[in-house]
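Student: The structure is given below, and queries will be raised subsequently.
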Amino acid sequence: MTLPLLRLGRLQLDTALRALPLGPAASSPVVTATVSVPDTPVERSHEWDVAWADAARQASELGADQATAQALAAGAGQPVAGGTRVVVAAHGEVLLARWLPYGTGAGSVRVGPLPHLLEVAAAAARRPAYVVLLADRDGADIVTHAGGDQAPGEPFPVGRRPGAQSDPHPGRPPGQLHGERHLTDREPESGGQHNAEFIAGRVSEAADSAGAHIILGAGDQPILDAVAGHLPESLGSVTAVAGNREPDGRDDHLGAAIGAALDEITAAATSAVGDLVAARAGEPGQAAVRGIQAVADQLAEQQVAVLLVASDVAGDAGSTYRIGSRPTEFLVGEPDAGTEVPLADGLVWAALHQDAIVVQLPDRAGPLAGEPAAALLRRGPAA
């Protein structure tokens, strides 16, 4: 159960967004704008500015105050080919600005009592923290990536293995440089095993520093395999991606391959979580639940580890859905209390406030069993 959860990311709310007031305490509505970068590179910057001006106009028409509508452009950033930008603003300030993975999210402007974070949280699940190992027989580089993949990776120093010996014949032809025992460095007599252990230790330290449980590798496959044999079980194997180690020690040139590998890894983790929900829903002890009422009850108890939501959840409001002054205070069927909120927004808002993983599923088949939402539970004391 633990390993699939470690291989999914979660959206971390910053202080301003987490403290967003609800109900009567909210002085203005929240705006969530999703804008895709124009396909045509010609005049892309101009079209990007126009798109955000249109988003501000739509927000004003939907009831946002002028300061909040105008603040959207401040979070737009520079256009990136194929990208989709989500900006959340309230009280004249930007509270969240993130890029979604390629092909995620449709353009929209929403104004309401809560931010619309379903697509952003689901995208964060697909982009957990990870470490990239680039290795060949001339050396190794390590790059760490925080969850969300919103910033370039940070190089992690590898250093030189204590006691390593220099090659006494560095001018030898490449074919004679390494024997079968020498997998990870230039040492001619021994040391391949020691180097594999040393690099694995540095990879483990890098993973700890980033909170990562996914290791991707590029370069010489025998070296990656040798390092993987010394990694702790929680990190598993090294997932190979196509590409080579570059002189700058970075992994920017591997972006597309890394994205594809993460999609495959997180899809497998999502499937494993779905299997757990399908197997445990309805069991004694409630390890998993299905349905809006059951999920809302567990969110209120802060017991949700993973929230699964169908893509069409917005069309299934069911009974009146209202939220109190706290993110986890659900008032289902109480028409005169709290603040009415969209179903998806309320569920995701409560899940994020208890650091749950949010997974969006394309339909209601499989683990949802026809319901719009389900949850895998923590089974611990209520916070």
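Naming scheme: A, B, ... for chains in displayed order of the structure tokens; residues 1 onward per chain; ligands 1 onward as shown.
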Could you pull out the alpha helix (DSSP H) residues of segment 112-340 of chain A from DSSP and send them as a ChimeraX atom specification?

Tutor: /A:118-125,192-210,221-228,255-280,292-300

Student: Rank A:Arg110, A:Glu329, A:Ala33, A:Ala374 by their smallest atom-to-atom distance to Val304 of chain A, using only C-alpha atoms, and report the top residue only.

Tutor: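 When distances to Val304 of chain A are compared using only C-alpha atoms, the smallest one comes from A:Ala374.
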
Student: Measuring between only C-alpha atoms, which one of A:Ile214, A:Leu17, A:Ala337, A:Ile323 shows the shortest distance to Pro128 of chain A?

Tutor: A:Ile214

Student: List the spatial neighbours of segment 54-66 of chain A as a list in words - criterion: any atom at most 7 Å away, only C-alpha atoms, same-chain residues fewer than 4 positions off excluded.

Tutor: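 So the residues in contact are Ser28, Pro29, Val31, Ala33, Val50, Gln70, Leu72, Val109 and Val111 of chain A.
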
Student: Give the strand (DSSP E) residues of segment 215-368 of chain A, as assigned by DSSP on the backbone, as a PyMOL selection string.

Tutor: chain A and resi 215-219+238-240+288-290+304-310+322-323+339-340+357-361

Student: Considering only C-alpha atoms, can you say which of A:Ile258, A:Val30, A:Val86, A:Ala365 comes closest to Val309 of chain A?

Tutor: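 Among A:Ile258, A:Val30, A:Val86, A:Ala365, it is A:Ala365 that comes nearest to Val309 of chain A.
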
Student: Would you please work out which residue, of A:Leu331, A:Ala296, A:Leu276, A:Leu343, is nearest to Leu114 of chain A when using only C-alpha atoms?

Tutor: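 Of all the options, A:Leu343 lies closest to Leu114 of chain A.
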
Student: For the atom pair atom CA of Ala151 of chain A and atom CA of Ala106 of chain A, what is the interatomic distance in Å to one decimal place?

Tutor: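 Rounded to one decimal, the two atoms are 22.4 Å apart.
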
Student: Pick out the closest residue to Arg160 of chain A from this set: A:Thr239, A:Ala146, A:Ala310, A:Arg202. Count only C-alpha atoms.

Tutor: A:Arg202

Student: Need to verify the contact set: Glu264 of chain A, 12 Å, only C-alpha atoms, exclusion of same-chain residues closer than 3 positions in sequence. Can you return it as a PDB file with N, CA, C and O atoms, in the first residue's frame?

Tutor:
```
ATOM      1  N   ARG A   7       4.740   7.222  -4.751  1.00  0.00           N
ATOM      2  CA  ARG A   7       5.045   7.547  -6.144  1.00  0.00           C
ATOM      3  C   ARG A   7       3.978   8.422  -6.791  1.00  0.00           C
ATOM      4  O   ARG A   7       3.912   8.526  -8.015  1.00  0.00           O
ATOM      5  N   LEU A   8       3.163   9.024  -5.973  1.00  0.00           N
ATOM      6  CA  LEU A   8       2.214  10.037  -6.439  1.00  0.00           C
ATOM      7  C   LEU A   8       2.515  11.346  -5.716  1.00  0.00           C
ATOM      8  O   LEU A   8       2.870  11.349  -4.541  1.00  0.00           O
ATOM      9  N   ARG A 126       0.534  13.616 -10.765  1.00  0.00           N
ATOM     10  CA  ARG A 126       1.296  13.034 -11.871  1.00  0.00           C
ATOM     11  C   ARG A 126       2.740  13.522 -11.909  1.00  0.00           C
ATOM     12  O   ARG A 126       3.527  13.039 -12.732  1.00  0.00           O
ATOM     13  N   ARG A 127       3.079  14.475 -11.073  1.00  0.00           N
ATOM     14  CA  ARG A 127       4.443  15.012 -11.058  1.00  0.00           C
ATOM     15  C   ARG A 127       5.005  15.015  -9.640  1.00  0.00           C
ATOM     16  O   ARG A 127       5.181  16.060  -9.019  1.00  0.00           O
ATOM     17  N   ILE A 214      11.282   8.217  -6.546  1.00  0.00           N
ATOM     18  CA  ILE A 214      11.407   7.808  -7.942  1.00  0.00           C
ATOM     19  C   ILE A 214      12.808   8.187  -8.419  1.00  0.00           C
ATOM     20  O   ILE A 214      13.222   9.337  -8.258  1.00  0.00           O
ATOM     21  N   THR A 239      14.633   3.719 -13.185  1.00  0.00           N
ATOM     22  CA  THR A 239      13.887   3.685 -14.441  1.00  0.00           C
ATOM     23  C   THR A 239      14.681   4.396 -15.518  1.00  0.00           C
ATOM     24  O   THR A 239      14.961   5.598 -15.405  1.00  0.00           O
ATOM     25  N   VAL A 241      15.648   6.256 -18.921  1.00  0.00           N
ATOM     26  CA  VAL A 241      15.072   7.126 -19.947  1.00  0.00           C
ATOM     27  C   VAL A 241      16.117   7.319 -21.035  1.00  0.00           C
ATOM     28  O   VAL A 241      17.324   7.266 -20.781  1.00  0.00           O
ATOM     29  N   ALA A 257      11.431  12.855 -22.373  1.00  0.00           N
ATOM     30  CA  ALA A 257      11.576  11.470 -21.915  1.00  0.00           C
ATOM     31  C   ALA A 257      11.229  11.341 -20.441  1.00  0.00           C
ATOM     32  O   ALA A 257      10.606  10.358 -20.011  1.00  0.00           O
ATOM     33  N   ILE A 258      11.628  12.331 -19.649  1.00  0.00           N
ATOM     34  CA  ILE A 258      11.303  12.310 -18.220  1.00  0.00           C
ATOM     35  C   ILE A 258       9.794  12.395 -18.018  1.00  0.00           C
ATOM     36  O   ILE A 258       9.217  11.667 -17.211  1.00  0.00           O
ATOM     37  N   GLY A 259       9.128  13.294 -18.759  1.00  0.00           N
ATOM     38  CA  GLY A 259       7.678  13.417 -18.630  1.00  0.00           C
ATOM     39  C   GLY A 259       6.963  12.126 -18.961  1.00  0.00           C
ATOM     40  O   GLY A 259       6.024  11.717 -18.266  1.00  0.00           O
ATOM     41  N   ALA A 260       7.398  11.451 -20.026  1.00  0.00           N
ATOM     42  CA  ALA A 260       6.772  10.186 -20.411  1.00  0.00           C
ATOM     43  C   ALA A 260       6.988   9.123 -19.343  1.00  0.00           C
ATOM     44  O   ALA A 260       6.079   8.343 -19.018  1.00  0.00           O
ATOM     45  N   ALA A 261       8.201   9.082 -18.773  1.00  0.00           N
ATOM     46  CA  ALA A 261       8.480   8.098 -17.732  1.00  0.00           C
ATOM     47  C   ALA A 261       7.642   8.355 -16.490  1.00  0.00           C
ATOM     48  O   ALA A 261       7.092   7.420 -15.883  1.00  0.00           O
ATOM     49  N   ALA A 267       0.846   6.496 -13.557  1.00  0.00           N
ATOM     50  CA  ALA A 267      -0.329   5.747 -14.016  1.00  0.00           C
ATOM     51  C   ALA A 267      -0.380   4.380 -13.336  1.00  0.00           C
ATOM     52  O   ALA A 267      -1.453   3.912 -12.923  1.00  0.00           O
ATOM     53  N   ALA A 268       0.781   3.733 -13.213  1.00  0.00           N
ATOM     54  CA  ALA A 268       0.822   2.439 -12.516  1.00  0.00           C
ATOM     55  C   ALA A 268       0.470   2.607 -11.038  1.00  0.00           C
ATOM     56  O   ALA A 268      -0.248   1.776 -10.458  1.00  0.00           O
ATOM     57  N   ALA A 269       0.964   3.683 -10.413  1.00  0.00           N
ATOM     58  CA  ALA A 269       0.638   3.928  -9.004  1.00  0.00           C
ATOM     59  C   ALA A 269      -0.848   4.218  -8.829  1.00  0.00           C
ATOM     60  O   ALA A 269      -1.477   3.748  -7.872  1.00  0.00           O
ATOM     61  N   THR A 270      -1.425   4.982  -9.748  1.00  0.00           N
ATOM     62  CA  THR A 270      -2.859   5.276  -9.688  1.00  0.00           C
ATOM     63  C   THR A 270      -3.679   4.002  -9.825  1.00  0.00           C
ATOM     64  O   THR A 270      -4.668   3.796  -9.114  1.00  0.00           O
ATOM     65  N   SER A 271      -3.260   3.130 -10.732  1.00  0.00           N
ATOM     66  CA  SER A 271      -3.961   1.861 -10.911  1.00  0.00           C
ATOM     67  C   SER A 271      -3.890   1.013  -9.646  1.00  0.00           C
ATOM     68  O   SER A 271      -4.886   0.385  -9.240  1.00  0.00           O
TER      69      SER A 271
END
```

Student: Give me the residues within 12 Å of Arg364 of chain A as a list in words, counting only C-alpha atoms and dropping any in the same chain fewer than 3 places off.

Tutor: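 Counting only the stated atoms, we get Gly274, Arg290, Gly291, Leu308, Val309, Ala310, Ser311, Asp312, Val313, Asp316, Gln360, Leu361, Pro367, Leu368, Ala369, Gly370, Glu371, Pro372, Ala373 and Ala374 of chain A.
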
Student: Could the residues in this selection be written to a file with N, CA and C atoms, as a short mmCIF file (atom, residue, chain, number, x, y, z; two decimals), in the first residue's frame?

Tutor:
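Once everything was written out, this is again.cif:
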```cif
data_model
loop_
_atom_site.label_atom_id
_atom_site.label_comp_id
_atom_site.auth_asym_id
_atom_site.auth_seq_id
_atom_site.Cartn_x
_atom_site.Cartn_y
_atom_site.Cartn_z
N GLY A 274 -6.27 2.47 -7.17
CA GLY A 274 -7.63 2.10 -7.56
C GLY A 274 -7.96 0.67 -7.20
N ARG A 290 -16.94 4.83 -0.90
CA ARG A 290 -17.41 5.38 -2.17
C ARG A 290 -18.67 6.20 -1.92
N GLY A 291 -18.89 7.17 -2.82
CA GLY A 291 -20.10 7.99 -2.73
C GLY A 291 -19.84 9.31 -2.04
N LEU A 308 -10.29 10.11 -4.93
CA LEU A 308 -10.49 9.78 -6.34
C LEU A 308 -11.77 10.47 -6.80
N VAL A 309 -11.67 11.22 -7.89
CA VAL A 309 -12.80 12.00 -8.38
C VAL A 309 -12.98 11.75 -9.87
N ALA A 310 -14.21 11.53 -10.30
CA ALA A 310 -14.50 11.36 -11.73
C ALA A 310 -14.41 12.69 -12.45
N SER A 311 -14.02 12.65 -13.72
CA SER A 311 -13.89 13.88 -14.49
C SER A 311 -15.21 14.61 -14.64
N ASP A 312 -16.33 13.89 -14.61
CA ASP A 312 -17.63 14.52 -14.77
C ASP A 312 -18.32 14.81 -13.44
N VAL A 313 -17.54 14.92 -12.37
CA VAL A 313 -18.14 15.13 -11.05
C VAL A 313 -18.92 16.43 -10.98
N ASP A 316 -22.73 16.19 -11.27
CA ASP A 316 -23.44 15.33 -10.33
C ASP A 316 -23.47 16.00 -8.96
N GLN A 360 -7.67 12.32 -10.48
CA GLN A 360 -8.84 12.48 -11.35
C GLN A 360 -8.91 11.31 -12.31
N LEU A 361 -10.06 10.62 -12.34
CA LEU A 361 -10.25 9.47 -13.21
C LEU A 361 -11.13 9.84 -14.39
N PRO A 367 -12.60 1.55 -9.90
CA PRO A 367 -12.66 1.76 -8.45
C PRO A 367 -13.83 2.63 -8.00
N LEU A 368 -14.34 3.50 -8.88
CA LEU A 368 -15.48 4.35 -8.48
C LEU A 368 -16.80 3.59 -8.49
N ALA A 369 -16.88 2.51 -9.26
CA ALA A 369 -18.08 1.66 -9.28
C ALA A 369 -19.35 2.47 -9.51
N GLY A 370 -19.29 3.45 -10.41
CA GLY A 370 -20.45 4.24 -10.75
C GLY A 370 -20.64 5.49 -9.91
N GLU A 371 -19.86 5.67 -8.87
CA GLU A 371 -19.98 6.85 -8.01
C GLU A 371 -19.09 7.98 -8.53
N PRO A 372 -19.41 9.24 -8.18
CA PRO A 372 -18.57 10.36 -8.63
C PRO A 372 -17.28 10.51 -7.85
N ALA A 373 -17.19 9.90 -6.66
CA ALA A 373 -15.98 10.07 -5.84
C ALA A 373 -15.79 8.85 -4.95
N ALA A 374 -14.54 8.62 -4.57
CA ALA A 374 -14.19 7.56 -3.63
C ALA A 374 -12.94 8.02 -2.88
#
```

Student: Counting only C-alpha atoms, which residue out of A:Thr144, A:Thr266, A:Thr34, A:Gln303 sits closest to Asp251 of chain A?

Tutor: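 Distance minimum relative to Asp251 of chain A lands on A:Thr144.
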
Student: What's the 9 Å shell around Gln150 of chain A, counting only C-alpha atoms, without same-chain residues fewer than 3 positions away, as a list in words?

Tutor: Arg98, Trp99, Leu100, His145, Ala146 and Gly147 of chain A

Student: Report as a VMD selection string all protein, DNA and RNA residues lying within 7 Å of segment 226-234 of chain A, evaluated on only C-alpha atoms, omitting residues in the same chain fewer than 5 positions from it.

Tutor: chain A and resid 196 to 197 199 to 200 204 213

Student: Generate the output file for the selected residues, all heavy atoms, as a JSON list (two decimals), in the first residue's frame.

Tutor:
```
[["chain", "number", "residue", "atom", "x", "y", "z"],
["A", 196, "ALA", "N", 29.83, 1.93, -7.50],
["A", 196, "ALA", "CA", 28.39, 1.73, -7.56],
["A", 196, "ALA", "C", 27.77, 1.98, -6.18],
["A", 196, "ALA", "O", 26.72, 2.62, -6.06],
["A", 196, "ALA", "CB", 28.07, 0.32, -8.04],
["A", 197, "GLU", "N", 28.39, 1.46, -5.14],
["A", 197, "GLU", "CA", 27.89, 1.68, -3.78],
["A", 197, "GLU", "C", 27.93, 3.16, -3.40],
["A", 197, "GLU", "O", 26.99, 3.69, -2.80],
["A", 197, "GLU", "CB", 28.72, 0.87, -2.78],
["A", 197, "GLU", "CG", 28.57, -0.64, -2.93],
["A", 197, "GLU", "CD", 29.51, -1.38, -2.00],
["A", 197, "GLU", "OE1", 30.34, -0.72, -1.34],
["A", 197, "GLU", "OE2", 29.42, -2.62, -1.94],
["A", 199, "ILE", "N", 27.94, 5.86, -5.42],
["A", 199, "ILE", "CA", 26.96, 6.65, -6.16],
["A", 199, "ILE", "C", 25.56, 6.36, -5.67],
["A", 199, "ILE", "O", 24.72, 7.26, -5.53],
["A", 199, "ILE", "CB", 27.09, 6.37, -7.67],
["A", 199, "ILE", "CG1", 28.44, 6.87, -8.18],
["A", 199, "ILE", "CG2", 25.96, 7.04, -8.44],
["A", 199, "ILE", "CD1", 28.74, 6.50, -9.61],
["A", 200, "ALA", "N", 25.26, 5.09, -5.36],
["A", 200, "ALA", "CA", 23.94, 4.76, -4.81],
["A", 200, "ALA", "C", 23.70, 5.50, -3.51],
["A", 200, "ALA", "O", 22.58, 5.96, -3.24],
["A", 200, "ALA", "CB", 23.83, 3.25, -4.61],
["A", 204, "SER", "N", 20.67, 8.14, -2.84],
["A", 204, "SER", "CA", 19.77, 8.02, -1.69],
["A", 204, "SER", "C", 19.71, 9.33, -0.91],
["A", 204, "SER", "O", 18.63, 9.77, -0.49],
["A", 204, "SER", "CB", 20.22, 6.89, -0.78],
["A", 204, "SER", "OG", 20.15, 5.64, -1.44],
["A", 213, "HIS", "N", 10.85, 9.39, -4.20],
["A", 213, "HIS", "CA", 10.88, 7.93, -4.17],
["A", 213, "HIS", "C", 10.89, 7.38, -5.59],
["A", 213, "HIS", "O", 10.54, 6.21, -5.82],
["A", 213, "HIS", "CB", 9.68, 7.37, -3.40],
["A", 213, "HIS", "CG", 9.76, 7.65, -1.94],
["A", 213, "HIS", "ND1", 9.32, 8.84, -1.40],
["A", 213, "HIS", "CD2", 10.25, 6.92, -0.90],
["A", 213, "HIS", "CE1", 9.52, 8.82, -0.08],
["A", 213, "HIS", "NE2", 10.08, 7.68, 0.23]]
```

Student: So what do you get for atom CA of Pro222 of chain A versus atom CA of Leu6 of chain A, distance-wise?

Tutor: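 Between atom CA of Pro222 of chain A and atom CA of Leu6 of chain A the gap works out to 26.5 Å.
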